[in-house]
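Data from data_32.txt: compact mmCIF, C-alpha atoms and all ligand atoms
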# COMPACT_ATOMS: atom_id res chain seq x y z
CA MET A 312 -55.25 -9.76 24.15
CA THR A 313 -52.35 -12.12 24.83
CA ALA A 314 -50.84 -12.18 28.24
CA VAL A 315 -47.15 -11.25 28.49
CA HIS A 316 -46.35 -14.77 29.64
CA ASP A 317 -47.87 -16.51 26.63
CA PRO A 318 -45.11 -18.21 24.60
CA PRO A 319 -44.96 -17.23 20.92
CA VAL A 320 -46.87 -19.61 18.69
CA SER A 321 -43.81 -20.94 16.84
CA SER A 322 -42.10 -22.22 19.99
CA VAL A 323 -44.97 -24.54 20.79
CA MET A 324 -45.12 -25.93 17.28
CA ASP A 325 -44.06 -29.54 16.98
CA ALA A 326 -40.47 -29.61 15.66
CA ALA A 327 -41.44 -32.27 13.14
CA THR A 328 -43.89 -29.91 11.48
CA ILE A 329 -41.18 -27.36 10.56
CA PRO A 330 -39.95 -28.15 7.08
CA GLY A 331 -36.14 -28.34 6.80
CA PRO A 332 -34.46 -25.86 4.43
CA ALA A 333 -34.05 -27.09 0.87
CA VAL A 334 -30.63 -25.45 0.59
CA ARG A 335 -27.97 -25.94 3.24
CA PRO A 336 -24.82 -23.80 2.66
CA ARG A 337 -23.51 -25.11 5.98
CA ARG A 338 -22.73 -28.48 4.36
CA LEU A 339 -19.57 -27.04 2.84
CA ARG A 340 -18.55 -25.28 6.04
CA ARG A 341 -18.58 -28.42 8.17
CA THR A 342 -14.87 -29.32 8.26
CA PRO A 343 -11.60 -27.43 7.67
CA ALA A 344 -10.98 -29.64 4.62
CA LEU A 345 -14.33 -28.76 3.03
CA ARG A 346 -13.81 -25.07 3.77
CA ALA A 347 -10.34 -25.14 2.23
CA LEU A 348 -11.66 -26.92 -0.86
CA VAL A 349 -14.20 -24.22 -1.68
CA ARG A 350 -12.30 -21.15 -0.47
CA GLU A 351 -12.56 -18.45 -3.15
CA THR A 352 -9.70 -16.19 -2.18
CA ARG A 353 -6.26 -17.55 -1.34
CA LEU A 354 -3.37 -15.40 -0.24
CA SER A 355 0.06 -16.00 -1.65
CA PRO A 356 3.18 -14.09 -0.56
CA SER A 357 4.00 -13.53 -4.24
CA ARG A 358 1.24 -10.91 -4.40
CA PHE A 359 2.57 -8.97 -1.38
CA VAL A 360 4.74 -5.89 -1.52
CA ALA A 361 6.58 -4.77 1.62
CA PRO A 362 7.21 -1.03 2.12
CA LEU A 363 10.76 -0.26 3.33
CA PHE A 364 12.16 3.03 4.67
CA VAL A 365 15.73 3.79 3.63
CA GLN A 366 17.89 6.09 5.76
CA PRO A 367 21.49 7.25 5.31
CA GLY A 368 24.45 5.52 6.90
CA ARG A 369 25.67 1.96 7.36
CA ASN A 370 24.33 -0.73 9.65
CA ARG A 371 21.72 1.66 11.03
CA ARG A 372 18.32 0.49 12.18
CA ASP A 373 15.80 2.68 14.01
CA PRO A 374 12.30 1.70 15.06
CA VAL A 375 9.23 3.67 13.94
CA HIS A 376 7.31 4.04 17.19
CA SER A 377 3.87 4.45 15.56
CA LEU A 378 4.39 1.33 13.41
CA PRO A 379 5.51 -1.54 15.65
CA GLY A 380 7.76 -3.93 13.75
CA VAL A 381 8.67 -1.38 11.08
CA GLU A 382 12.18 0.12 11.03
CA ARG A 383 14.07 2.74 9.13
CA LEU A 384 17.08 0.94 7.65
CA SER A 385 20.33 2.01 6.04
CA ALA A 386 20.81 0.79 2.43
CA ASP A 387 22.96 -2.22 3.40
CA LEU A 388 20.28 -3.43 5.84
CA VAL A 389 17.53 -2.73 3.28
CA ALA A 390 19.25 -5.16 0.93
CA THR A 391 19.52 -7.76 3.70
CA GLU A 392 15.84 -7.26 4.51
CA ALA A 393 14.90 -7.59 0.82
CA GLU A 394 16.79 -10.87 0.75
CA ARG A 395 14.89 -12.15 3.79
CA LEU A 396 11.59 -11.11 2.18
CA HIS A 397 12.55 -12.83 -1.07
CA VAL A 398 13.28 -16.06 0.81
CA LEU A 399 9.78 -15.79 2.33
CA GLY A 400 8.38 -15.58 -1.19
CA ILE A 401 7.33 -11.90 -1.01
CA GLY A 402 6.82 -10.49 -4.50
CA GLY A 403 8.24 -7.02 -4.13
CA VAL A 404 9.56 -4.19 -2.01
CA LEU A 405 8.47 -0.55 -2.18
CA LEU A 406 11.18 1.91 -1.21
CA PHE A 407 10.74 5.27 0.53
CA GLY A 408 13.70 7.52 1.27
CA LEU A 409 14.72 9.61 4.26
CA PRO A 410 17.40 11.90 2.87
CA GLU A 411 20.28 13.42 4.81
CA THR A 412 19.05 16.94 4.02
CA LYS A 413 15.87 18.50 2.65
CA ASP A 414 15.40 21.57 0.44
CA PRO A 415 12.57 23.41 -1.32
CA LEU A 416 12.90 21.34 -4.52
CA GLY A 417 13.54 17.97 -2.94
CA ARG A 418 16.89 17.44 -4.64
CA GLY A 419 17.57 14.23 -2.74
CA ALA A 420 14.85 12.54 -4.77
CA ASP A 421 16.71 12.46 -8.10
CA ASP A 422 20.27 12.58 -6.76
CA HIS A 423 22.36 9.75 -8.24
CA ASP A 424 23.59 9.06 -4.70
CA GLY A 425 20.23 9.63 -3.02
CA VAL A 426 19.26 7.10 -0.35
CA VAL A 427 16.76 5.21 -2.50
CA GLN A 428 19.09 5.03 -5.48
CA VAL A 429 21.87 3.62 -3.30
CA ALA A 430 19.48 1.05 -1.85
CA LEU A 431 18.20 0.08 -5.30
CA ARG A 432 21.73 -0.65 -6.51
CA ARG A 433 22.40 -2.79 -3.42
CA ILE A 434 19.16 -4.71 -3.90
CA ARG A 435 19.86 -5.25 -7.61
CA GLU A 436 23.24 -6.76 -6.69
CA GLN A 437 22.12 -8.84 -3.74
CA VAL A 438 18.52 -9.83 -4.59
CA PRO A 439 18.16 -9.63 -8.38
CA ASP A 440 14.90 -11.58 -8.40
CA ILE A 441 12.70 -9.47 -6.15
CA VAL A 442 10.55 -6.78 -7.79
CA ALA A 443 12.08 -3.46 -6.77
CA ILE A 444 9.52 -0.65 -6.72
CA ALA A 445 10.48 2.95 -5.97
CA ASP A 446 7.90 5.37 -4.59
CA THR A 447 8.17 8.43 -6.81
CA CYS A 448 7.30 11.50 -4.76
CA LEU A 449 9.00 14.59 -3.38
CA CYS A 450 7.40 15.03 0.05
CA GLU A 451 10.10 13.07 1.87
CA TYR A 452 12.74 15.30 0.25
CA THR A 453 11.25 18.80 0.44
CA ASP A 454 11.84 20.97 3.51
CA HIS A 455 8.20 22.12 3.42
CA GLY A 456 6.92 18.53 3.21
CA HIS A 457 4.67 19.02 0.18
CA CYS A 458 4.76 16.68 -2.81
CA GLY A 459 6.17 19.22 -5.29
CA PRO A 460 7.84 22.64 -5.52
CA LEU A 461 5.78 25.56 -4.23
CA ALA A 462 4.35 28.41 -6.28
CA PRO A 463 4.71 31.94 -4.83
CA ASP A 464 1.21 31.69 -3.34
CA GLY A 465 2.19 28.59 -1.35
CA SER A 466 0.28 26.10 -3.50
CA VAL A 467 2.08 23.17 -5.10
CA ASP A 468 3.15 24.03 -8.65
CA ASN A 469 1.80 21.09 -10.65
CA ASP A 470 3.88 21.50 -13.80
CA ARG A 471 7.18 22.13 -12.04
CA ALA A 472 6.44 19.08 -9.93
CA LEU A 473 6.12 17.05 -13.14
CA GLU A 474 9.71 17.88 -14.13
CA ARG A 475 10.98 16.93 -10.69
CA LEU A 476 8.97 13.69 -10.61
CA ALA A 477 10.13 12.73 -14.11
CA ALA A 478 13.78 13.31 -13.14
CA THR A 479 13.24 11.25 -9.98
CA ALA A 480 11.73 8.34 -11.91
CA VAL A 481 14.67 8.36 -14.35
CA ALA A 482 17.18 8.32 -11.46
CA GLN A 483 15.30 5.41 -9.88
CA ALA A 484 15.22 3.51 -13.19
CA GLN A 485 18.94 4.10 -13.67
CA ALA A 486 19.58 2.69 -10.20
CA GLY A 487 17.71 -0.49 -11.07
CA ALA A 488 14.02 -0.04 -10.21
CA ASP A 489 11.73 -2.48 -12.03
CA VAL A 490 8.76 -0.28 -11.30
CA VAL A 491 8.32 3.37 -10.36
CA ALA A 492 5.25 4.33 -8.36
CA PRO A 493 4.26 7.99 -8.62
CA SER A 494 2.31 8.98 -5.50
CA ALA A 495 2.28 12.78 -5.66
CA MET A 496 -1.20 13.07 -7.25
CA MET A 497 -0.01 15.72 -9.72
CA ASP A 498 -2.08 15.96 -12.89
CA GLY A 499 -0.26 14.41 -15.83
CA GLN A 500 2.43 12.73 -13.70
CA VAL A 501 2.10 9.34 -15.36
CA ALA A 502 2.44 10.74 -18.90
CA ALA A 503 5.38 12.92 -17.88
CA ILE A 504 7.18 10.00 -16.25
CA ARG A 505 6.48 7.63 -19.14
CA ALA A 506 7.89 10.12 -21.65
CA ALA A 507 10.99 10.77 -19.54
CA LEU A 508 11.67 7.07 -18.94
CA ASP A 509 11.33 6.28 -22.64
CA ALA A 510 13.56 9.17 -23.64
CA ALA A 511 16.22 7.99 -21.18
CA GLY A 512 16.21 4.45 -22.55
CA HIS A 513 14.03 2.91 -19.83
CA ALA A 514 11.08 1.76 -21.90
CA ASP A 515 11.04 -1.49 -19.89
CA VAL A 516 10.51 0.16 -16.53
CA ALA A 517 6.84 -0.11 -15.50
CA ILE A 518 4.64 2.47 -13.81
CA LEU A 519 2.44 1.61 -10.85
CA ALA A 520 0.18 4.65 -10.58
CA TYR A 521 -1.17 5.68 -7.18
CA ALA A 522 -4.21 6.62 -9.22
CA ALA A 523 -7.00 6.85 -6.69
CA LYS A 524 -5.21 8.17 -3.62
CA THR A 525 -7.31 10.07 -1.16
CA ALA A 526 -6.25 12.85 1.23
CA SER A 527 -6.54 10.36 4.06
CA ALA A 528 -6.10 10.69 7.80
CA PHE A 529 -4.81 7.10 7.73
CA TYR A 530 -1.32 8.25 6.59
CA GLY A 531 -0.41 9.64 10.02
CA PRO A 532 2.12 7.01 11.13
CA PHE A 533 3.78 7.00 7.68
CA ARG A 534 4.46 10.71 7.94
CA ASP A 535 6.08 10.01 11.27
CA ALA A 536 8.17 7.20 9.71
CA ALA A 537 9.18 9.19 6.64
CA ASP A 538 9.26 12.57 8.37
CA CYS A 539 7.15 14.05 5.58
CA ALA A 540 4.18 15.76 7.23
CA PRO A 541 3.55 19.09 5.47
CA ARG A 542 5.03 21.96 7.48
CA PHE A 543 1.91 24.04 6.70
CA GLY A 544 -1.51 23.28 5.30
CA ASP A 545 -2.46 19.82 4.11
CA ARG A 546 -2.55 17.76 0.90
CA ARG A 547 -6.21 18.27 0.06
CA ALA A 548 -5.45 20.52 -2.91
CA TYR A 549 -3.81 17.59 -4.71
CA GLN A 550 -4.87 14.30 -3.09
CA MET A 551 -8.48 13.25 -3.68
CA ASP A 552 -11.47 14.02 -1.49
CA PRO A 553 -12.32 10.68 0.21
CA ALA A 554 -15.99 11.46 -0.43
CA ASN A 555 -15.66 11.05 -4.20
CA GLY A 556 -16.10 7.68 -5.87
CA ARG A 557 -16.85 8.80 -9.43
CA GLU A 558 -13.83 11.08 -9.37
CA ALA A 559 -11.74 8.09 -8.28
CA MET A 560 -12.83 6.20 -11.42
CA ARG A 561 -11.90 9.24 -13.50
CA GLU A 562 -8.43 9.38 -11.92
CA LEU A 563 -7.95 5.68 -12.69
CA SER A 564 -9.04 6.18 -16.32
CA LEU A 565 -6.70 9.12 -16.76
CA ASP A 566 -3.71 7.21 -15.41
CA ALA A 567 -4.54 4.18 -17.57
CA ALA A 568 -4.77 6.46 -20.62
CA GLU A 569 -1.47 8.13 -19.69
CA GLY A 570 0.27 4.76 -19.82
CA ALA A 571 0.12 3.29 -16.31
CA ASP A 572 0.96 -0.43 -16.29
CA MET A 573 -0.75 -1.01 -12.93
CA LEU A 574 -3.28 1.01 -10.97
CA MET A 575 -3.50 1.53 -7.23
CA VAL A 576 -6.31 2.36 -4.84
CA LYS A 577 -5.17 3.78 -1.51
CA PRO A 578 -5.87 3.42 1.41
CA ALA A 579 -7.24 -0.09 1.01
CA LEU A 580 -9.83 -0.95 3.66
CA PRO A 581 -11.65 2.42 3.63
CA ASN A 582 -11.95 2.12 -0.18
CA LEU A 583 -12.97 -1.48 -0.85
CA ASP A 584 -15.96 -0.18 -2.83
CA LEU A 585 -13.62 1.69 -5.17
CA LEU A 586 -11.41 -1.35 -5.49
CA ALA A 587 -14.36 -3.55 -6.44
CA LEU A 588 -15.59 -0.98 -8.97
CA ALA A 589 -12.11 -0.62 -10.42
CA ARG A 590 -11.87 -4.41 -10.77
CA GLN A 591 -15.00 -4.35 -12.93
CA ARG A 592 -13.90 -1.44 -15.06
CA PHE A 593 -10.18 -1.98 -15.67
CA ASP A 594 -8.21 -4.94 -16.92
CA LEU A 595 -4.83 -3.63 -15.75
CA PRO A 596 -3.36 -5.27 -12.64
CA LEU A 597 -4.74 -3.56 -9.55
CA ALA A 598 -2.85 -2.84 -6.36
CA ALA A 599 -4.19 -1.74 -2.99
CA TYR A 600 -2.16 -0.21 -0.19
CA GLN A 601 -2.97 -1.21 3.37
CA VAL A 602 -1.55 2.03 4.73
CA SER A 603 0.21 2.93 7.94
CA GLY A 604 -2.92 3.96 9.84
CA GLU A 605 -4.62 0.67 9.02
CA ALA A 606 -1.55 -1.22 10.24
CA ALA A 607 -1.19 0.95 13.35
CA MET A 608 -4.80 0.44 14.42
CA ILE A 609 -4.41 -3.33 14.18
CA SER A 610 -1.13 -3.20 16.11
CA ALA A 611 -2.52 -0.98 18.85
CA ALA A 612 -5.70 -2.99 19.38
CA SER A 613 -3.91 -6.33 19.32
CA GLU A 614 -1.25 -5.09 21.78
CA ARG A 615 -4.11 -4.37 24.19
CA GLY A 616 -5.49 -7.83 23.62
CA TRP A 617 -8.68 -6.41 22.09
CA ILE A 618 -8.29 -8.22 18.78
CA ASP A 619 -6.31 -11.18 17.50
CA ARG A 620 -3.51 -9.75 15.34
CA ARG A 621 -3.06 -12.76 13.09
CA ALA A 622 -6.78 -13.26 12.50
CA VAL A 623 -7.50 -9.57 11.85
CA LEU A 624 -4.54 -9.09 9.51
CA THR A 625 -5.42 -12.24 7.59
CA GLU A 626 -9.08 -11.24 7.33
CA SER A 627 -8.25 -7.66 6.25
CA VAL A 628 -5.79 -8.66 3.56
CA THR A 629 -8.08 -11.45 2.33
CA SER A 630 -10.90 -8.89 2.01
CA ILE A 631 -8.64 -6.54 0.07
CA ALA A 632 -7.77 -9.38 -2.33
CA ARG A 633 -11.41 -10.48 -2.55
CA ALA A 634 -12.47 -6.93 -3.44
CA GLY A 635 -10.18 -7.07 -6.46
CA ALA A 636 -6.56 -6.34 -5.60
CA ASP A 637 -3.99 -8.47 -7.43
CA VAL A 638 -1.17 -6.85 -5.47
CA VAL A 639 -1.39 -5.93 -1.78
CA ILE A 640 1.11 -3.51 -0.31
CA THR A 641 1.25 -4.22 3.41
CA TYR A 642 3.57 -3.62 6.36
CA ALA A 643 2.64 -7.12 7.52
CA ALA A 644 3.95 -8.86 4.37
CA ALA A 645 6.61 -10.91 6.19
CA GLU A 646 4.29 -11.94 9.02
CA LEU A 647 1.54 -12.94 6.60
CA ALA A 648 3.99 -14.95 4.50
CA ALA A 649 5.18 -16.83 7.59
CA TRP A 650 1.58 -17.59 8.63
CA ILE A 651 0.69 -18.79 5.13
CA ALA A 652 3.70 -21.15 5.20
CA GLU A 653 2.63 -22.41 8.63
CA ASP A 654 -0.91 -23.11 7.42
CA ARG A 655 0.27 -25.35 4.59
C1 LIG B 1 4.03 10.01 -0.36
C2 LIG B 1 3.30 8.87 0.25
C3 LIG B 1 2.52 8.83 1.42
C4 LIG B 1 2.16 7.49 1.60
C5 LIG B 1 2.68 6.77 0.54
N1 LIG B 1 3.38 7.65 -0.29
C6 LIG B 1 2.21 9.89 2.38
C7 LIG B 1 1.27 10.95 2.00
O1 LIG B 1 0.76 11.01 0.89
O2 LIG B 1 1.06 11.81 2.85
C8 LIG B 1 1.36 6.94 2.73
C9 LIG B 1 1.59 5.49 3.02
C10 LIG B 1 1.12 5.01 4.35
O3 LIG B 1 0.41 5.73 5.10
O4 LIG B 1 1.43 3.86 4.69
N2 LIG B 1 3.27 10.97 -0.98

Once you've parsed the file, please lay out its structure as structure tokens.
Amino acid sequence: MTAVHDPPVSSVMDAATIPGPAVRPRRLRRTPALRALVRETRLSPSRFVAPLFVQPGRNRRDPVHSLPGVERLSADLVATEAERLHVLGIGGVLLFGLPETKDPLGRGADDHDGVVQVALRRIREQVPDIVAIADTCLCEYTDHGHCGPLAPDGSVDNDRALERLAATAVAQAQAGADVVAPSAMMDGQVAAIRAALDAAGHADVAILAYAAKTASAFYGPFRDAADCAPRFGDRRAYQMDPANGREAMRELSLDAAEGADMLMVKPALPNLDLLALARQRFDLPLAAYQVSGEAAMISAASERGWIDRRAVLTESVTSIARAGADVVITYAAAELAAWIAEDR
């Protein structure tokens, strides 16, 4: 029996008798210069996309209280903001619309003078070189808040939604979108949009498919920003069950086969496994969306002084890129770009 006070054997061993490790990874971690030399993942603002919320009016700017630093902007201010982002080197903007009025079909979505279309034309004039991406969905435009027209039983009518989404994508392309990004999770939406764009003479407009988009609780602050929470029920009958990884791969394959030019996994941090798997399986450019709930958690904790905002945002977005995202959609795009410039 050893007494409780007896030191463990190893601590009394002569230090000289312990063989040093043959491999020392710490050698390359010793100085900032060495670490920078061997860093595997580097962030560049050109891979960032900044989401922007367009509202009606002129010179109007309203804060989104659940997303500090994010504002709803009128089209003129959206163009000014796009210009600022372009100067920072940000690759693209992703536009969401807050229409003047909502109705059961979401007519504001494909209206020639709808908020997003107006903003796209302003951006095209003022900032021709930024990639203009339009979110293609109906939930911001429908009075019931679902992503497509309703069937009599209250479910979302998939095939009627396809017509509405296709018309919306064509209106966005006509207004100058480089890329349309269908996010409604309707079956066949990519094929329907591709066919409609081609038929309307927009064969050059690309599709970024929100392919693996889960019915996530992390969208809360976005629904506040875009006023698009469903008035009844939830989105689980069309968005994916977050428990399903194989189904996510199937959704990605379907969208690739339907003609998607880029694929998205969303939300980002809760789905890094899916992103890494997708990177192995698909050669299309991959995007990941660091969604509103991810951004809000970081803002809330850093406001309380519990975490370091800059360090946590940098680490999160670096991890998303490391997992396989070529493109990162993030509310912190401008901040990250400024920090990257500072670090140079
Ligand atoms: C529209 C859409 C949503 C988001 C992007 N497009 C909301 C939703 O599906 O409920 C969420 C983005 C975010 O949380 O930042 N369908």

Surrounding residues of Asp421 (chain A) excluding itself and chain neighbours under 2 positions, 12 Å, all atoms listed in the file, as an MDAnalysis selection string:
chainID A and resid 408 410 416:419 423:429 445:449 451:453 474:486

Near region 613-624 of chain A, counting all atoms listed in the file, which residues have an atom at most 9 Å away, once you skip same-chain residues fewer than 6 positions from it, shown as a VMD selection string?
chain A and resid 606 643 646 to 647 650

Given a cut-off of 10 Å, what residues near ligand LIG 1 (chain B) show up using only C-alpha atoms and all ligand atoms, put as a ChimeraX atom specification?
/A:362,378,405-407,446-451,456-459,492-496,521,524-541,545-546,549-550,577-578,600-607,640-642

Can those selected residues be exported to a file as a CSV table (one decimal), in the coordinates of the input so that it contains C-alpha atoms?
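Result file is again_5.csv:
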chain,number,residue,atom,x,y,z
A,362,PRO,CA,7.2,-1.0,2.1
A,378,LEU,CA,4.4,1.3,13.4
A,405,LEU,CA,8.5,-0.6,-2.2
A,406,LEU,CA,11.2,1.9,-1.2
A,407,PHE,CA,10.7,5.3,0.5
A,446,ASP,CA,7.9,5.4,-4.6
A,447,THR,CA,8.2,8.4,-6.8
A,448,CYS,CA,7.3,11.5,-4.8
A,449,LEU,CA,9.0,14.6,-3.4
A,450,CYS,CA,7.4,15.0,0.0
A,451,GLU,CA,10.1,13.1,1.9
A,456,GLY,CA,6.9,18.5,3.2
A,457,HIS,CA,4.7,19.0,0.2
A,458,CYS,CA,4.8,16.7,-2.8
A,459,GLY,CA,6.2,19.2,-5.3
A,492,ALA,CA,5.2,4.3,-8.4
A,493,PRO,CA,4.3,8.0,-8.6
A,494,SER,CA,2.3,9.0,-5.5
A,495,ALA,CA,2.3,12.8,-5.7
A,496,MET,CA,-1.2,13.1,-7.2
A,521,TYR,CA,-1.2,5.7,-7.2
A,524,LYS,CA,-5.2,8.2,-3.6
A,525,THR,CA,-7.3,10.1,-1.2
A,526,ALA,CA,-6.2,12.8,1.2
A,527,SER,CA,-6.5,10.4,4.1
A,528,ALA,CA,-6.1,10.7,7.8
A,529,PHE,CA,-4.8,7.1,7.7
A,530,TYR,CA,-1.3,8.2,6.6
A,531,GLY,CA,-0.4,9.6,10.0
A,532,PRO,CA,2.1,7.0,11.1
A,533,PHE,CA,3.8,7.0,7.7
A,534,ARG,CA,4.5,10.7,7.9
A,535,ASP,CA,6.1,10.0,11.3
A,536,ALA,CA,8.2,7.2,9.7
A,537,ALA,CA,9.2,9.2,6.6
A,538,ASP,CA,9.3,12.6,8.4
A,539,CYS,CA,7.2,14.0,5.6
A,540,ALA,CA,4.2,15.8,7.2
A,541,PRO,CA,3.6,19.1,5.5
A,545,ASP,CA,-2.5,19.8,4.1
A,546,ARG,CA,-2.6,17.8,0.9
A,549,TYR,CA,-3.8,17.6,-4.7
A,550,GLN,CA,-4.9,14.3,-3.1
A,577,LYS,CA,-5.2,3.8,-1.5
A,578,PRO,CA,-5.9,3.4,1.4
A,600,TYR,CA,-2.2,-0.2,-0.2
A,601,GLN,CA,-3.0,-1.2,3.4
A,602,VAL,CA,-1.6,2.0,4.7
A,603,SER,CA,0.2,2.9,7.9
A,604,GLY,CA,-2.9,4.0,9.8
A,605,GLU,CA,-4.6,0.7,9.0
A,606,ALA,CA,-1.6,-1.2,10.2
A,607,ALA,CA,-1.2,1.0,13.4
A,640,ILE,CA,1.1,-3.5,-0.3
A,641,THR,CA,1.2,-4.2,3.4
A,642,TYR,CA,3.6,-3.6,6.4

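In this comparison, which uses only C-alpha atoms, the residue of A:Thr352, A:Thr412, A:Ser610, A:Asn555 approaching Ser630 (chain A) most closely is A:Thr352.
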
Neighbour list for region 510-517 of chain A as an MDAnalysis selection string, cut-off 6 Å, all atoms listed in the file, skip fewer than 4 positions in-chain
chainID A and resid 489:490 572

How close does region 383-416 of chain A get to region 364-373 of chain A? List, as a Markdown table, each residue of region 383-416 of chain A within 12 Å, its nearest atom pair and the distance in Å to one decimal, counting only C-alpha atoms.
| residue | atom | partner | partner_atom | distance |
| --- | --- | --- | --- | --- |
| A:Arg383 | CA | A:Phe364 | CA | 4.9 |
| A:Leu384 | CA | A:Arg372 | CA | 4.7 |
| A:Ser385 | CA | A:Gln366 | CA | 4.8 |
| A:Ala386 | CA | A:Val365 | CA | 6.0 |
| A:Asp387 | CA | A:Arg369 | CA | 6.4 |
| A:Leu388 | CA | A:Asn370 | CA | 6.2 |
| A:Val389 | CA | A:Val365 | CA | 6.8 |
| A:Ala390 | CA | A:Val365 | CA | 10.0 |
| A:Thr391 | CA | A:Asn370 | CA | 10.4 |
| A:Glu392 | CA | A:Phe364 | CA | 10.9 |
| A:Ala393 | CA | A:Phe364 | CA | 11.6 |
| A:Val404 | CA | A:Phe364 | CA | 10.2 |
| A:Leu405 | CA | A:Phe364 | CA | 8.6 |
| A:Leu406 | CA | A:Phe364 | CA | 6.1 |
| A:Phe407 | CA | A:Phe364 | CA | 4.9 |
| A:Gly408 | CA | A:Val365 | CA | 4.9 |
| A:Leu409 | CA | A:Gln366 | CA | 5.0 |
| A:Pro410 | CA | A:Gln366 | CA | 6.5 |
| A:Glu411 | CA | A:Pro367 | CA | 6.3 |
| A:Thr412 | CA | A:Pro367 | CA | 10.1 |

Would you pick out the contacts of Pro356 (chain A) at 10 Å or less, using only C-alpha atoms, so that residues sharing its chain but fewer than 4 positions from it are not included, and give the list as a PyMOL selection string?
chain A and resi 360+396-397+399-403+638-639+644-652

Point-to-point distance from CA of Leu583 (chain A) to CA of Ala634 (chain A), Å rounded to tenths
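Straight-line distance from CA of Leu583 (chain A) to CA of Ala634 (chain A) works out to 6.1 Å.
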
Distance of CA of Ser357 (chain A) from CA of Asp637 (chain A), expressed in Å to one decimal place:
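Answer for the CA of Asp637 (chain A) to CA of Ser357 (chain A) separation: 10.0 Å.
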
My list of candidates is A:Glu436, A:Glu562, A:Asp594, A:Asp552. Which is closest to Ala488 (chain A) when distances are computed with only C-alpha atoms?
A:Glu436

I need the residue nearest Glu626 (chain A) from this list: A:Arg353, A:Ala599, A:Pro332, A:Glu394. Use only C-alpha atoms for the distance.
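Nearest to Glu626 (chain A): A:Arg353.
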
Determine the nearest neighbour of Gly380 (chain A) from the options A:Ala611, A:Arg338, A:Arg435, A:Asp414, counting only C-alpha atoms.
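Ranking A:Ala611, A:Arg338, A:Arg435, A:Asp414 by distance to Gly380 (chain A), first place goes to A:Ala611.
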
Å distance separating CA of Val491 (chain A) from CA of Leu519 (chain A), one decimal place
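Interatomic distance here is 6.2 Å.
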
Would you mind completing region 429-433 of chain A to all heavy atoms and writing the output as a PDB file, in the frame of the given file?
ATOM      1  N   VAL A 429      20.825   4.475  -3.876  1.00  0.00           N
ATOM      2  CA  VAL A 429      21.870   3.620  -3.300  1.00  0.00           C
ATOM      3  C   VAL A 429      21.284   2.263  -2.914  1.00  0.00           C
ATOM      4  O   VAL A 429      21.848   1.208  -3.224  1.00  0.00           O
ATOM      5  CB  VAL A 429      22.525   4.313  -2.065  1.00  0.00           C
ATOM      6  CG1 VAL A 429      23.470   3.359  -1.342  1.00  0.00           C
ATOM      7  CG2 VAL A 429      23.260   5.586  -2.492  1.00  0.00           C
ATOM      8  N   ALA A 430      20.116   2.304  -2.283  1.00  0.00           N
ATOM      9  CA  ALA A 430      19.480   1.050  -1.850  1.00  0.00           C
ATOM     10  C   ALA A 430      19.085   0.195  -3.056  1.00  0.00           C
ATOM     11  O   ALA A 430      19.233  -1.036  -3.027  1.00  0.00           O
ATOM     12  CB  ALA A 430      18.263   1.357  -0.982  1.00  0.00           C
ATOM     13  N   LEU A 431      18.593   0.832  -4.098  1.00  0.00           N
ATOM     14  CA  LEU A 431      18.200   0.080  -5.300  1.00  0.00           C
ATOM     15  C   LEU A 431      19.399  -0.662  -5.891  1.00  0.00           C
ATOM     16  O   LEU A 431      19.301  -1.837  -6.256  1.00  0.00           O
ATOM     17  CB  LEU A 431      17.608   1.022  -6.358  1.00  0.00           C
ATOM     18  CG  LEU A 431      16.168   1.483  -6.115  1.00  0.00           C
ATOM     19  CD1 LEU A 431      15.814   2.654  -7.029  1.00  0.00           C
ATOM     20  CD2 LEU A 431      15.179   0.329  -6.321  1.00  0.00           C
ATOM     21  N   ARG A 432      20.540   0.015  -5.954  1.00  0.00           N
ATOM     22  CA  ARG A 432      21.730  -0.650  -6.510  1.00  0.00           C
ATOM     23  C   ARG A 432      22.150  -1.833  -5.647  1.00  0.00           C
ATOM     24  O   ARG A 432      22.521  -2.888  -6.165  1.00  0.00           O
ATOM     25  CB  ARG A 432      22.872   0.371  -6.692  1.00  0.00           C
ATOM     26  CG  ARG A 432      22.600   1.376  -7.827  1.00  0.00           C
ATOM     27  CD  ARG A 432      23.843   2.157  -8.245  1.00  0.00           C
ATOM     28  NE  ARG A 432      24.260   3.118  -7.235  1.00  0.00           N
ATOM     29  CZ  ARG A 432      23.870   4.405  -7.205  1.00  0.00           C
ATOM     30  NH1 ARG A 432      23.059   4.886  -8.139  1.00  0.00           N
ATOM     31  NH2 ARG A 432      24.282   5.212  -6.266  1.00  0.00           N
ATOM     32  N   ARG A 433      22.054  -1.675  -4.324  1.00  0.00           N
ATOM     33  CA  ARG A 433      22.400  -2.790  -3.420  1.00  0.00           C
ATOM     34  C   ARG A 433      21.437  -3.962  -3.617  1.00  0.00           C
ATOM     35  O   ARG A 433      21.847  -5.117  -3.637  1.00  0.00           O
ATOM     36  CB  ARG A 433      22.309  -2.350  -1.936  1.00  0.00           C
ATOM     37  CG  ARG A 433      23.235  -1.231  -1.535  1.00  0.00           C
ATOM     38  CD  ARG A 433      24.658  -1.704  -1.342  1.00  0.00           C
ATOM     39  NE  ARG A 433      24.818  -2.769  -0.357  1.00  0.00           N
ATOM     40  CZ  ARG A 433      25.610  -2.704   0.697  1.00  0.00           C
ATOM     41  NH1 ARG A 433      26.285  -1.607   0.946  1.00  0.00           N
ATOM     42  NH2 ARG A 433      25.754  -3.739   1.499  1.00  0.00           N
TER      43      ARG A 433
END
